[in-house]
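Colleague: There's a structure below that I have some questions on.
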Amino acid sequence: MIRLFKDGKLFYQHRFQDLDFLIDQQGRLIIADHIELDEQDVDEVIDCTGIHIMPGFIDPHVHLREPGFEYKETIKTGTNAAAHGGVTTVFAMPNLNPVPDSLENLAIEQRIIDKDACVHVYPIGAITKGQKSRSELVDIDEMSKEIFLFSNDGVGVQDEETMREAMKKVYQNNGVIIAHCEDEEELKPGGSVHDGKKAKEYGLVGINSASEYKQVQRDLHLVEETGCQYHICHISTKESVEALREAKKKGLPVSGEVTCHHLLLCEDDITENHGRFKMNPPLRSKEDQQALLAGVLDGTIEMIATDQAPHSAEEKDCTMDQSKMGTVSIEISFPLIYTYLVKPGIISLEKAVELMSCNAAEIFQIPGGEVENFEKADLTFYHLNANQKVSPKEFLSKGKFTPFEGKYLQSKCVMTIVDGKIVYREGI
C-alpha cells in the first residue's frame, strides 16, 4: 500500500515544517516540499491539514504484565494502548511470571511479543534471579546474547557488591542498567504515600525520600567506578535530581526519566484516599515537583516516561493502604505534557518531542526518535487543537485508574504508524 500525506506539519530535522511525504510499499518515508501524484499511483491520499506529525514516542518504562499477569494487561492490550497514545516503542519491565532471568524465560515473553505486539517492544531482563532485591545475579553474559537492558524495577538491588558486579558485567556487554532505586532499610511496612502532609491527613504509613535518593547516590558512585551506562527510573525527589546533575557534570554515562505524574502532580493534588493516587515512588512534595521540572528544563532529566502499571479494579478501587502501587497514562502522556507544559509556554513543542522521543533513541542507541528520509516510518499524528476529557473507560489498556481522571486536556492522537503500517487511526 502506498499512501500520500499532504499539508501537515512534519517534525523534520528538529523543527516543524510544511512538508508532504509518501510512505511506500516497504514502509519507507519519502519527504518533499510538495508531492503531486496521479490517483492511480497511490492507494490513498490523506489530508493532514491542521495535523502535527512527530517521530513516534518512545516510552522507556512500561509494564505489559504478560506472561503471568494477563488479568492486569496483555502484550496485545498494552501495545494497543501505546499506539492509542502515539507511542511506537516501549521498554517492557521484567515484573513477570516467569521472570525473564534466563534466555529460556525471555524466549517465552519474546514469542508473545512477536505474535501480539503492534508497536516495537524491547524486553528488559532482570538483574537478579527471580527479580528479588537480595539474590544472585542472572547470567548477564548469556542474557546479553539477546538483550541489552537490565532492571529489577519494582525492587532496588539492596547489596552494593551485587550491584557493582552487575554493572561490571553489563559494561562488558555494552548494555544498560535501568535502575529502580529503593533502599529497603528506609522503608516502613505498608508505606502508601509520601511521608508528608497527606500521610498525616489520612493516617497512612509514609514513604520517605531517602528510600530513593540514598540508592541513587550509591549507584552513581558505582557508575564512576565501573563506567557502566546507567539510567534512573521514575525520579521523584530533589536529592535524586541533584545527584544526577552532579554525575552528569563529571561526564558519567548516566541518564534519568521522570513520569508524567511526578512532573505534573505532587502530594497536594491527592484529593481523596483512593488507589488511583498510589504509585511507587509516591507523589512527593511541591518542592520535589519543582526540582523535577528544573531538571527537565536544564537537561539533567532527558526523558518523560509513564511507568504504565495497570492493575485490576479489585486491586485499585480501594483506599491507598489496600491498593496495589501503579497508575496508567500512556494513552494521554503527550496531551498531558502539551496541556500543562507546552501550552503555558514552559517548554516548546520541539522540546516535548525531544523528551518523549529523540533523547531516548539517542541515549539508548535504538532506531526511532528522528523522521528520516528513505527510512521506515514510525510516526504519531496529533491534532493539537482537539480537546478531550480523561475518561479511563475509553482507554484501550485494561488499566483504568489514573490520578488524571476527569482532567480536560488539549491535543489528541489521530493516527500512529509503526514500520510504515497504520496501527491506530481515528479522526483522520
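Ordering of the C-alpha cells sets the chain letters (A, B, ...); residue numbers start at 1 within each chain; ligands are numbered from 1 in the order shown.
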Give me, as a tab-separated table, the closest atom pair and its distance (Å, one decimal) for every residue of stretch 4-34 of chain A within a cut-off of 9 Å of stretch 344-368 of chain A, counting only C-alpha atoms, rows sorted by chain and rising number.

Modeller:
residue	atom	partner	partner_atom	distance
A:Phe11	CA	A:Glu350	CA	8.2
A:His14	CA	A:Glu350	CA	7.1
A:Arg15	CA	A:Glu350	CA	6.6
A:Phe16	CA	A:Glu350	CA	7.9

Colleague: Please dump the current selection as a short mmCIF file (atom, residue, chain, number, x, y, z; two decimals), in the first residue's frame; keep C-alpha atoms.

Modeller:
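What landed in again07.cif:
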data_model
loop_
_atom_site.label_atom_id
_atom_site.label_comp_id
_atom_site.auth_asym_id
_atom_site.auth_seq_id
_atom_site.Cartn_x
_atom_site.Cartn_y
_atom_site.Cartn_z
CA PHE A 11 8.88 17.36 12.63
CA HIS A 14 14.44 19.06 14.60
CA ARG A 15 11.78 21.55 13.59
CA PHE A 16 8.22 21.53 12.30
#

Colleague: Output as a PyMOL selection string all residues of stretch 60-218 of chain A that backbone DSSP marks as alpha helix (DSSP H).

Modeller: chain A and resi 75-84+103-116+140-143+160-172+197-202+210-218

Colleague: Which residue gives the smallest distance to A:Gly78 among A:Gly295, A:Gly8, A:Pro310, A:Pro94, with only C-alpha atoms counted?

Modeller: A:Pro310

Colleague: Restrict the calculation to only C-alpha atoms, then for each residue of stretch 171-285 of chain A with any atom at most 8 Å from an atom of stretch 398-421 of chain A give the closest atom pair and their distance in Å to one decimal, rows by chain and rising residue number, as a tab-separated table.

Modeller:
residue	atom	partner	partner_atom	distance
A:His261	CA	A:Pro403	CA	7.8
A:Ile270	CA	A:Pro403	CA	7.9
A:Gly275	CA	A:Phe401	CA	7.8
A:Arg276	CA	A:Phe401	CA	5.1
A:Phe277	CA	A:Pro403	CA	5.5

Colleague: How would the residues just picked look written out with all heavy atoms as a compact mmCIF listing (two decimals), in the first residue's frame?

Modeller:
# COMPACT_ATOMS: atom_id res chain seq x y z
N HIS A 261 3.18 11.79 35.98
CA HIS A 261 2.51 12.09 37.24
C HIS A 261 3.44 12.78 38.24
O HIS A 261 3.01 13.67 38.97
CB HIS A 261 1.85 10.84 37.86
CG HIS A 261 2.67 9.61 37.88
ND1 HIS A 261 2.77 8.76 36.81
CD2 HIS A 261 3.41 9.04 38.88
CE1 HIS A 261 3.54 7.73 37.13
NE2 HIS A 261 3.94 7.87 38.38
N ILE A 270 -3.46 15.17 45.67
CA ILE A 270 -4.22 13.99 46.11
C ILE A 270 -5.51 14.48 46.76
O ILE A 270 -5.49 15.11 47.80
CB ILE A 270 -3.40 13.14 47.09
CG1 ILE A 270 -2.11 12.64 46.41
CG2 ILE A 270 -4.23 11.95 47.59
CD1 ILE A 270 -1.17 11.90 47.35
N GLY A 275 -7.03 4.45 45.62
CA GLY A 275 -5.93 3.75 44.99
C GLY A 275 -5.39 4.38 43.73
O GLY A 275 -4.24 4.12 43.34
N ARG A 276 -6.19 5.23 43.06
CA ARG A 276 -5.68 5.84 41.83
C ARG A 276 -4.54 6.83 42.11
O ARG A 276 -3.84 7.24 41.19
CB ARG A 276 -6.81 6.51 41.05
CG ARG A 276 -7.45 7.72 41.69
CD ARG A 276 -8.74 8.09 40.97
NE ARG A 276 -9.37 9.27 41.53
CZ ARG A 276 -9.22 10.51 41.05
NH1 ARG A 276 -8.45 10.71 39.99
NH2 ARG A 276 -9.84 11.53 41.60
N PHE A 277 -4.36 7.20 43.37
CA PHE A 277 -3.28 8.09 43.74
C PHE A 277 -2.07 7.35 44.34
O PHE A 277 -1.14 7.99 44.81
CB PHE A 277 -3.77 9.13 44.76
CG PHE A 277 -4.73 10.13 44.18
CD1 PHE A 277 -6.08 10.03 44.43
CD2 PHE A 277 -4.28 11.16 43.38
CE1 PHE A 277 -6.99 10.95 43.91
CE2 PHE A 277 -5.17 12.09 42.84
CZ PHE A 277 -6.53 11.98 43.11

Colleague: Between atom CA of A:Tyr71 and atom CA of A:Asp317, what is the distance in Å, rounded to a tenth?

Modeller: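 About the pair atom CA of A:Tyr71 and atom CA of A:Asp317: they are 15.2 Å apart.
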
Colleague: Write out as an mmCIF file with N, CA, C and O atoms, in the first residue's frame each polymer residue whose atoms come within 10 Å of A:Gln289, counting only C-alpha atoms; drop sequence neighbours fewer than 2 positions from it.

Modeller:
data_model
loop_
_atom_site.group_PDB
_atom_site.id
_atom_site.type_symbol
_atom_site.label_atom_id
_atom_site.label_comp_id
_atom_site.auth_asym_id
_atom_site.auth_seq_id
_atom_site.Cartn_x
_atom_site.Cartn_y
_atom_site.Cartn_z
ATOM 1 N N SER A 236 11.884 11.024 41.591
ATOM 2 C CA SER A 236 10.790 11.723 42.283
ATOM 3 C C SER A 236 11.259 12.717 43.339
ATOM 4 O O SER A 236 10.440 13.481 43.855
ATOM 5 N N THR A 237 12.538 12.714 43.693
ATOM 6 C CA THR A 237 12.993 13.586 44.786
ATOM 7 C C THR A 237 14.016 14.614 44.302
ATOM 8 O O THR A 237 14.774 14.373 43.352
ATOM 9 N N LYS A 238 14.057 15.733 44.985
ATOM 10 C CA LYS A 238 15.010 16.798 44.641
ATOM 11 C C LYS A 238 16.443 16.330 44.835
ATOM 12 O O LYS A 238 17.343 16.723 44.085
ATOM 13 N N HIS A 261 3.176 11.795 35.975
ATOM 14 C CA HIS A 261 2.509 12.089 37.244
ATOM 15 C C HIS A 261 3.438 12.776 38.241
ATOM 16 O O HIS A 261 3.008 13.669 38.973
ATOM 17 N N HIS A 262 4.697 12.397 38.282
ATOM 18 C CA HIS A 262 5.615 13.084 39.194
ATOM 19 C C HIS A 262 5.935 14.499 38.720
ATOM 20 O O HIS A 262 6.176 15.398 39.540
ATOM 21 N N LEU A 263 5.957 14.694 37.413
ATOM 22 C CA LEU A 263 6.296 16.006 36.865
ATOM 23 C C LEU A 263 5.141 17.001 36.993
ATOM 24 O O LEU A 263 5.363 18.192 37.215
ATOM 25 N N LEU A 264 3.923 16.501 36.880
ATOM 26 C CA LEU A 264 2.762 17.396 36.827
ATOM 27 C C LEU A 264 1.942 17.435 38.111
ATOM 28 O O LEU A 264 1.079 18.299 38.268
ATOM 29 N N LEU A 265 2.209 16.513 39.038
ATOM 30 C CA LEU A 265 1.435 16.440 40.272
ATOM 31 C C LEU A 265 2.379 16.364 41.474
ATOM 32 O O LEU A 265 3.540 15.984 41.351
ATOM 33 N N CYS A 266 1.840 16.696 42.642
ATOM 34 C CA CYS A 266 2.543 16.488 43.906
ATOM 35 C C CYS A 266 1.516 16.028 44.939
ATOM 36 O O CYS A 266 0.331 15.862 44.620
ATOM 37 N N GLU A 267 1.948 15.831 46.174
ATOM 38 C CA GLU A 267 1.031 15.318 47.191
ATOM 39 C C GLU A 267 -0.166 16.238 47.400
ATOM 40 O O GLU A 267 -1.247 15.787 47.789
ATOM 41 N N LEU A 283 3.701 10.326 44.912
ATOM 42 C CA LEU A 283 3.732 11.760 44.622
ATOM 43 C C LEU A 283 4.379 12.473 45.797
ATOM 44 O O LEU A 283 3.946 12.319 46.934
ATOM 45 N N ARG A 284 5.417 13.237 45.512
ATOM 46 C CA ARG A 284 6.206 13.861 46.577
ATOM 47 C C ARG A 284 5.712 15.275 46.878
ATOM 48 O O ARG A 284 4.616 15.677 46.483
ATOM 49 N N SER A 285 6.563 16.061 47.526
ATOM 50 C CA SER A 285 6.206 17.420 47.925
ATOM 51 C C SER A 285 6.239 18.362 46.724
ATOM 52 O O SER A 285 6.798 18.049 45.664
ATOM 53 N N LYS A 286 5.662 19.536 46.897
ATOM 54 C CA LYS A 286 5.705 20.553 45.845
ATOM 55 C C LYS A 286 7.144 20.932 45.531
ATOM 56 O O LYS A 286 7.502 21.168 44.362
ATOM 57 N N GLU A 287 7.992 20.984 46.539
ATOM 58 C CA GLU A 287 9.399 21.314 46.342
ATOM 59 C C GLU A 287 10.084 20.275 45.457
ATOM 60 O O GLU A 287 10.891 20.614 44.583
ATOM 61 N N ALA A 291 11.691 20.724 41.635
ATOM 62 C CA ALA A 291 13.054 20.287 41.310
ATOM 63 C C ALA A 291 13.056 19.401 40.065
ATOM 64 O O ALA A 291 13.991 19.456 39.254
ATOM 65 N N LEU A 292 12.024 18.583 39.908
ATOM 66 C CA LEU A 292 11.909 17.733 38.717
ATOM 67 C C LEU A 292 11.762 18.584 37.468
ATOM 68 O O LEU A 292 12.419 18.331 36.447
ATOM 69 N N LEU A 293 10.916 19.594 37.537
ATOM 70 C CA LEU A 293 10.742 20.477 36.387
ATOM 71 C C LEU A 293 12.034 21.211 36.069
ATOM 72 O O LEU A 293 12.421 21.330 34.896
ATOM 73 N N ALA A 294 12.729 21.667 37.095
ATOM 74 C CA ALA A 294 14.015 22.331 36.875
ATOM 75 C C ALA A 294 14.999 21.377 36.200
ATOM 76 O O ALA A 294 15.774 21.781 35.320
ATOM 77 N N GLY A 295 14.967 20.105 36.591
ATOM 78 C CA GLY A 295 15.840 19.108 35.982
ATOM 79 C C GLY A 295 15.515 18.871 34.519
ATOM 80 O O GLY A 295 16.416 18.645 33.700
#

Colleague: From the set A:Asp269, A:Arg134, A:Gly191, A:Glu331, which residue has the shortest atom-to-atom contact distance to A:Ser397, counting only C-alpha atoms?

Modeller: A:Glu331

Colleague: For A:Tyr12, which of A:Lys393, A:Asp33, A:Ser211, A:Asn174 is the closest residue, counting only C-alpha atoms?

Modeller: A:Asp33

Colleague: Mind giving me the straight-line distance from atom CA of A:Asn373 to atom CA of A:Glu302 in Å, one decimal?

Modeller: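 Between atom CA of A:Asn373 and atom CA of A:Glu302 the gap is 25.3 Å.
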